[in-house]
Amino acid sequence: QVQLMESGGGLVQAGASLRLSCAASGSVFVFNVMGWYRQAPGKQRELVATMTKEGSTNYADSLKGRFTISRDYAKNTVYLQMNSLTPEDTGVYFCAGTLVVRDYWGQGTQVTVSS
């Protein structure tokens, strides 16, 4: 059974950095795409960043320059480095992955940025 497990969330002050990790288990195959989405309180889930197995990245325009996505293909893990965090970055961050034609989602990790 394929599962995605996020870690690294927490409570930080504005201006701080956090690094999220998402490890995939249950598959020997590399995910075609892995990425991050987030959902702020009262808002819809939105794209943060994705990265293909070829290394192509896609970022939400508003997050370019502050957030960086990376992958460790050997570990089937995706990371999200978040810098200069603001209270507007508060939300649940979800890991997602596409394997062949199926999408998988993690349970989410809470990120809270205090002012």
# chains A, B, ... in the order shown; residues from 1 in each chain; ligands from 1

$ residues_around --residues "A:Trp36" --least-positions-apart "4" --cutoff "6 Å" --atoms "only C-alpha atoms" --output "list in words"
Val48, Ala49, Phe94 and Cys95 of chain A

$ write_last_selection --atoms "all heavy atoms" --output "PDB file, in the first residue's frame"
ATOM      1  N   VAL A  48       1.510  24.719  -4.010  1.00  0.00           N
ATOM      2  CA  VAL A  48       2.722  25.374  -3.527  1.00  0.00           C
ATOM      3  C   VAL A  48       3.833  25.140  -4.554  1.00  0.00           C
ATOM      4  O   VAL A  48       4.364  26.073  -5.122  1.00  0.00           O
ATOM      5  CB  VAL A  48       3.149  24.822  -2.153  1.00  0.00           C
ATOM      6  CG1 VAL A  48       4.495  25.420  -1.743  1.00  0.00           C
ATOM      7  CG2 VAL A  48       2.078  25.122  -1.111  1.00  0.00           C
ATOM      8  N   ALA A  49       4.162  23.878  -4.796  1.00  0.00           N
ATOM      9  CA  ALA A  49       5.219  23.559  -5.757  1.00  0.00           C
ATOM     10  C   ALA A  49       5.154  22.082  -6.109  1.00  0.00           C
ATOM     11  O   ALA A  49       4.733  21.261  -5.290  1.00  0.00           O
ATOM     12  CB  ALA A  49       6.597  23.888  -5.185  1.00  0.00           C
ATOM     13  N   PHE A  94       0.109  19.753   2.525  1.00  0.00           N
ATOM     14  CA  PHE A  94      -0.108  18.392   2.083  1.00  0.00           C
ATOM     15  C   PHE A  94       0.921  17.994   1.035  1.00  0.00           C
ATOM     16  O   PHE A  94       1.216  18.763   0.113  1.00  0.00           O
ATOM     17  CB  PHE A  94      -1.500  18.238   1.461  1.00  0.00           C
ATOM     18  CG  PHE A  94      -2.634  18.473   2.415  1.00  0.00           C
ATOM     19  CD1 PHE A  94      -3.185  19.745   2.559  1.00  0.00           C
ATOM     20  CD2 PHE A  94      -3.166  17.427   3.163  1.00  0.00           C
ATOM     21  CE1 PHE A  94      -4.235  19.972   3.425  1.00  0.00           C
ATOM     22  CE2 PHE A  94      -4.222  17.646   4.035  1.00  0.00           C
ATOM     23  CZ  PHE A  94      -4.748  18.924   4.164  1.00  0.00           C
ATOM     24  N   CYS A  95       1.409  16.788   1.177  1.00  0.00           N
ATOM     25  CA  CYS A  95       2.276  16.200   0.167  1.00  0.00           C
ATOM     26  C   CYS A  95       1.399  15.424  -0.816  1.00  0.00           C
ATOM     27  O   CYS A  95       0.403  14.796  -0.414  1.00  0.00           O
ATOM     28  CB  CYS A  95       3.263  15.268   0.848  1.00  0.00           C
ATOM     29  SG  CYS A  95       4.288  14.294  -0.266  1.00  0.00           S
TER      30      CYS A  95
END

$ residues_around --residues "A:Ala16" --least-positions-apart "2" --cutoff "7 Å" --atoms "only C-alpha atoms" --output "count of residues only"
7

$ select_by_dssp --residues "stretch 3-113 of chain A" --states "strand (DSSP E or B)" --output "ChimeraX atom specification"
/A:3-7,10-13,18-25,33-39,46-52,57-59,64,67-72,77-82,91-99,102-105,109-113

$ residues_around --residues "A:Tyr37" --least-positions-apart "4" --cutoff "10 Å" --atoms "only C-alpha atoms" --output "PyMOL selection string"
chain A and resi 45-50+60+91-96+105+108

$ write_last_selection --atoms "all heavy atoms" --output "CSV table (one decimal), in the first residue's frame"
chain,number,residue,atom,x,y,z
A,45,ARG,N,-7.7,24.5,-1.0
A,45,ARG,CA,-6.3,24.0,-1.1
A,45,ARG,C,-5.7,24.6,-2.4
A,45,ARG,O,-6.3,24.7,-3.4
A,45,ARG,CB,-6.4,22.5,-1.2
A,45,ARG,CG,-5.0,21.8,-1.1
A,45,ARG,CD,-5.2,20.3,-1.0
A,45,ARG,NE,-6.0,19.9,0.1
A,45,ARG,CZ,-6.1,18.6,0.5
A,45,ARG,NH1,-5.5,17.6,-0.2
A,45,ARG,NH2,-6.8,18.3,1.5
A,46,GLU,N,-4.4,25.0,-2.3
A,46,GLU,CA,-3.7,25.6,-3.4
A,46,GLU,C,-2.4,25.0,-3.6
A,46,GLU,O,-1.7,24.4,-2.7
A,46,GLU,CB,-3.6,27.1,-3.1
A,46,GLU,CG,-2.7,27.5,-1.9
A,46,GLU,CD,-2.5,29.0,-1.8
A,46,GLU,OE1,-3.0,29.7,-2.6
A,46,GLU,OE2,-1.8,29.3,-0.8
A,47,LEU,N,-1.9,25.1,-4.8
A,47,LEU,CA,-0.6,24.6,-5.2
A,47,LEU,C,0.5,25.4,-4.5
A,47,LEU,O,0.4,26.7,-4.5
A,47,LEU,CB,-0.4,24.7,-6.7
A,47,LEU,CG,1.0,24.5,-7.2
A,47,LEU,CD1,1.4,23.1,-7.1
A,47,LEU,CD2,1.2,25.0,-8.6
A,48,VAL,N,1.5,24.7,-4.0
A,48,VAL,CA,2.7,25.4,-3.5
A,48,VAL,C,3.8,25.1,-4.6
A,48,VAL,O,4.4,26.1,-5.1
A,48,VAL,CB,3.1,24.8,-2.2
A,48,VAL,CG1,4.5,25.4,-1.7
A,48,VAL,CG2,2.1,25.1,-1.1
A,49,ALA,N,4.2,23.9,-4.8
A,49,ALA,CA,5.2,23.6,-5.8
A,49,ALA,C,5.2,22.1,-6.1
A,49,ALA,O,4.7,21.3,-5.3
A,49,ALA,CB,6.6,23.9,-5.2
A,50,THR,N,5.6,21.8,-7.3
A,50,THR,CA,5.7,20.4,-7.8
A,50,THR,C,7.0,20.2,-8.5
A,50,THR,O,7.6,21.1,-8.9
A,50,THR,CB,4.6,20.0,-8.7
A,50,THR,OG1,4.6,20.8,-9.9
A,50,THR,CG2,3.2,20.1,-8.1
A,60,ALA,N,3.9,28.1,-7.3
A,60,ALA,CA,3.0,29.2,-7.2
A,60,ALA,C,3.7,30.5,-7.4
A,60,ALA,O,4.8,30.7,-6.7
A,60,ALA,CB,2.2,29.2,-5.9
A,91,GLY,N,-1.0,27.3,7.6
A,91,GLY,CA,-2.0,26.3,7.0
A,91,GLY,C,-1.5,24.9,7.1
A,91,GLY,O,-0.5,24.6,7.7
A,92,VAL,N,-2.3,24.0,6.6
A,92,VAL,CA,-1.9,22.6,6.5
A,92,VAL,C,-1.3,22.4,5.2
A,92,VAL,O,-1.8,22.7,4.2
A,92,VAL,CB,-3.1,21.7,6.7
A,92,VAL,CG1,-2.7,20.2,6.7
A,92,VAL,CG2,-3.9,22.0,8.0
A,93,TYR,N,-0.1,21.8,5.2
A,93,TYR,CA,0.7,21.5,4.0
A,93,TYR,C,0.6,20.0,3.7
A,93,TYR,O,0.9,19.2,4.6
A,93,TYR,CB,2.1,21.9,4.3
A,93,TYR,CG,2.3,23.4,4.2
A,93,TYR,CD1,1.8,24.3,5.1
A,93,TYR,CD2,3.0,24.0,3.1
A,93,TYR,CE1,1.9,25.6,5.0
A,93,TYR,CE2,3.1,25.4,3.0
A,93,TYR,CZ,2.6,26.2,4.0
A,93,TYR,OH,2.7,27.6,3.9
A,94,PHE,N,0.1,19.8,2.5
A,94,PHE,CA,-0.1,18.4,2.1
A,94,PHE,C,0.9,18.0,1.0
A,94,PHE,O,1.2,18.8,0.1
A,94,PHE,CB,-1.5,18.2,1.5
A,94,PHE,CG,-2.6,18.5,2.4
A,94,PHE,CD1,-3.2,19.7,2.6
A,94,PHE,CD2,-3.2,17.4,3.2
A,94,PHE,CE1,-4.2,20.0,3.4
A,94,PHE,CE2,-4.2,17.6,4.0
A,94,PHE,CZ,-4.7,18.9,4.2
A,95,CYS,N,1.4,16.8,1.2
A,95,CYS,CA,2.3,16.2,0.2
A,95,CYS,C,1.4,15.4,-0.8
A,95,CYS,O,0.4,14.8,-0.4
A,95,CYS,CB,3.3,15.3,0.8
A,95,CYS,SG,4.3,14.3,-0.3
A,96,ALA,N,1.8,15.5,-2.1
A,96,ALA,CA,1.0,14.7,-3.1
A,96,ALA,C,2.0,14.1,-4.1
A,96,ALA,O,3.1,14.6,-4.3
A,96,ALA,CB,0.1,15.7,-3.8
A,105,TRP,N,-2.1,11.2,-1.6
A,105,TRP,CA,-2.0,12.4,-0.7
A,105,TRP,C,-1.6,12.0,0.6
A,105,TRP,O,-2.0,10.9,1.1
A,105,TRP,CB,-3.4,13.1,-0.6
A,105,TRP,CG,-3.8,13.8,-1.9
A,105,TRP,CD1,-4.4,13.3,-3.0
A,105,TRP,CD2,-3.5,15.2,-2.2
A,105,TRP,NE1,-4.6,14.2,-3.9
A,105,TRP,CE2,-4.1,15.4,-3.5
A,105,TRP,CE3,-2.9,16.2,-1.6
A,105,TRP,CZ2,-4.0,16.7,-4.1
A,105,TRP,CZ3,-2.8,17.5,-2.2
A,105,TRP,CH2,-3.4,17.7,-3.4
A,108,GLY,N,-1.1,15.5,5.8
A,108,GLY,CA,-0.9,16.9,6.0
A,108,GLY,C,-0.1,17.2,7.3
A,108,GLY,O,-0.2,16.4,8.2

$ residues_around --residues "A:Thr86" --least-positions-apart "3" --cutoff "8 Å" --atoms "only C-alpha atoms" --output "list in words"
Gln13, Ala14, Gly15, Asp89, Thr90, Val113, Ser114 and Ser115 of chain A

$ closest_residue --among "A:Gly35, A:Pro41, A:Gly10, A:Gly97" --to "A:Leu80" --atoms "only C-alpha atoms"
A:Gly35

$ select_by_dssp --residues "chain A" --states "helix (DSSP H, G or I)" --output "list in words"
Asp61, Ser62, Leu63, Pro87, Glu88 and Asp89 of chain A

$ write_last_selection --atoms "C-alpha atoms" --output "tab-separated table (two decimals), in the first residue's frame"
chain	number	residue	atom	x	y	z
A	61	ASP	CA	3.93	32.63	-8.50
A	62	SER	CA	3.53	34.23	-5.08
A	63	LEU	CA	6.00	31.80	-3.48
A	87	PRO	CA	1.56	34.59	8.99
A	88	GLU	CA	-0.03	34.26	5.54
A	89	ASP	CA	1.90	31.00	5.13

$ closest_residue --among "A:Ala74, A:Ile69, A:Gln39, A:Thr109" --to "A:Met5" --atoms "only C-alpha atoms"
A:Thr109

$ closest_residue --among "A:Val111, A:Lys43, A:Arg102, A:Met51" --to "A:Val2" --atoms "only C-alpha atoms"
A:Arg102

$ decode --residues "stretch 104-115 of chain A" --atoms "all heavy atoms" --output "mmCIF file, in the first residue's frame"
data_model
loop_
_atom_site.group_PDB
_atom_site.id
_atom_site.type_symbol
_atom_site.label_atom_id
_atom_site.label_comp_id
_atom_site.auth_asym_id
_atom_site.auth_seq_id
_atom_site.Cartn_x
_atom_site.Cartn_y
_atom_site.Cartn_z
ATOM 1 N N TYR A 104 -1.742 10.269 -5.041
ATOM 2 C CA TYR A 104 -1.729 9.942 -3.622
ATOM 3 C C TYR A 104 -1.538 11.225 -2.821
ATOM 4 O O TYR A 104 -0.863 12.158 -3.273
ATOM 5 C CB TYR A 104 -0.589 8.966 -3.296
ATOM 6 C CG TYR A 104 -0.736 7.620 -3.963
ATOM 7 C CD1 TYR A 104 -0.236 7.417 -5.251
ATOM 8 C CD2 TYR A 104 -1.370 6.564 -3.317
ATOM 9 C CE1 TYR A 104 -0.375 6.187 -5.872
ATOM 10 C CE2 TYR A 104 -1.510 5.331 -3.932
ATOM 11 C CZ TYR A 104 -1.017 5.152 -5.206
ATOM 12 O OH TYR A 104 -1.159 3.935 -5.823
ATOM 13 N N TRP A 105 -2.120 11.226 -1.629
ATOM 14 C CA TRP A 105 -2.024 12.387 -0.748
ATOM 15 C C TRP A 105 -1.602 11.954 0.645
ATOM 16 O O TRP A 105 -1.997 10.889 1.117
ATOM 17 C CB TRP A 105 -3.377 13.102 -0.648
ATOM 18 C CG TRP A 105 -3.773 13.806 -1.894
ATOM 19 C CD1 TRP A 105 -4.431 13.278 -2.960
ATOM 20 C CD2 TRP A 105 -3.518 15.172 -2.217
ATOM 21 N NE1 TRP A 105 -4.606 14.239 -3.918
ATOM 22 C CE2 TRP A 105 -4.063 15.403 -3.498
ATOM 23 C CE3 TRP A 105 -2.891 16.228 -1.551
ATOM 24 C CZ2 TRP A 105 -3.991 16.657 -4.129
ATOM 25 C CZ3 TRP A 105 -2.838 17.459 -2.169
ATOM 26 C CH2 TRP A 105 -3.369 17.663 -3.444
ATOM 27 N N GLY A 106 -0.823 12.801 1.281
ATOM 28 C CA GLY A 106 -0.502 12.597 2.676
ATOM 29 C C GLY A 106 -1.591 13.180 3.553
ATOM 30 O O GLY A 106 -2.545 13.799 3.074
ATOM 31 N N GLN A 107 -1.426 12.988 4.855
ATOM 32 C CA GLN A 107 -2.419 13.466 5.817
ATOM 33 C C GLN A 107 -2.276 14.949 6.108
ATOM 34 O O GLN A 107 -3.218 15.576 6.605
ATOM 35 C CB GLN A 107 -2.285 12.680 7.126
ATOM 36 C CG GLN A 107 -2.640 11.205 6.990
ATOM 37 C CD GLN A 107 -4.096 11.002 6.678
ATOM 38 O OE1 GLN A 107 -4.981 11.620 7.272
ATOM 39 N NE2 GLN A 107 -4.384 10.112 5.730
ATOM 40 N N GLY A 108 -1.135 15.508 5.802
ATOM 41 C CA GLY A 108 -0.922 16.930 6.032
ATOM 42 C C GLY A 108 -0.130 17.202 7.296
ATOM 43 O O GLY A 108 -0.175 16.420 8.248
ATOM 44 N N THR A 109 0.586 18.306 7.284
ATOM 45 C CA THR A 109 1.326 18.747 8.462
ATOM 46 C C THR A 109 1.034 20.231 8.686
ATOM 47 O O THR A 109 1.021 21.007 7.730
ATOM 48 C CB THR A 109 2.835 18.480 8.314
ATOM 49 O OG1 THR A 109 3.511 18.817 9.529
ATOM 50 C CG2 THR A 109 3.454 19.265 7.164
ATOM 51 N N GLN A 110 0.783 20.598 9.922
ATOM 52 C CA GLN A 110 0.388 21.962 10.241
ATOM 53 C C GLN A 110 1.607 22.866 10.328
ATOM 54 O O GLN A 110 2.593 22.544 10.996
ATOM 55 C CB GLN A 110 -0.358 22.002 11.575
ATOM 56 C CG GLN A 110 -0.753 23.391 12.043
ATOM 57 C CD GLN A 110 -1.849 24.010 11.184
ATOM 58 O OE1 GLN A 110 -2.811 23.338 10.823
ATOM 59 N NE2 GLN A 110 -1.690 25.297 10.865
ATOM 60 N N VAL A 111 1.506 24.003 9.658
ATOM 61 C CA VAL A 111 2.514 25.053 9.762
ATOM 62 C C VAL A 111 1.801 26.297 10.286
ATOM 63 O O VAL A 111 0.821 26.747 9.691
ATOM 64 C CB VAL A 111 3.170 25.344 8.400
ATOM 65 C CG1 VAL A 111 4.075 26.576 8.500
ATOM 66 C CG2 VAL A 111 3.964 24.140 7.935
ATOM 67 N N THR A 112 2.285 26.821 11.385
ATOM 68 C CA THR A 112 1.707 28.015 11.968
ATOM 69 C C THR A 112 2.802 29.052 12.142
ATOM 70 O O THR A 112 3.837 28.773 12.759
ATOM 71 C CB THR A 112 1.057 27.725 13.329
ATOM 72 O OG1 THR A 112 0.068 26.702 13.174
ATOM 73 C CG2 THR A 112 0.397 28.980 13.882
ATOM 74 N N VAL A 113 2.573 30.226 11.569
ATOM 75 C CA VAL A 113 3.556 31.305 11.646
ATOM 76 C C VAL A 113 2.944 32.440 12.461
ATOM 77 O O VAL A 113 1.907 33.000 12.074
ATOM 78 C CB VAL A 113 3.949 31.798 10.251
ATOM 79 C CG1 VAL A 113 5.068 32.847 10.362
ATOM 80 C CG2 VAL A 113 4.403 30.648 9.369
ATOM 81 N N SER A 114 3.570 32.762 13.566
ATOM 82 C CA SER A 114 3.064 33.833 14.423
ATOM 83 C C SER A 114 3.738 35.153 14.072
ATOM 84 O O SER A 114 4.887 35.185 13.633
ATOM 85 C CB SER A 114 3.311 33.485 15.886
ATOM 86 O OG SER A 114 4.693 33.407 16.143
ATOM 87 N N SER A 115 2.991 36.223 14.279
ATOM 88 C CA SER A 115 3.530 37.551 13.943
ATOM 89 C C SER A 115 4.311 38.147 15.105
ATOM 90 O O SER A 115 4.297 37.659 16.207
ATOM 91 C CB SER A 115 2.381 38.488 13.559
ATOM 92 O OG SER A 115 1.458 38.571 14.618
#
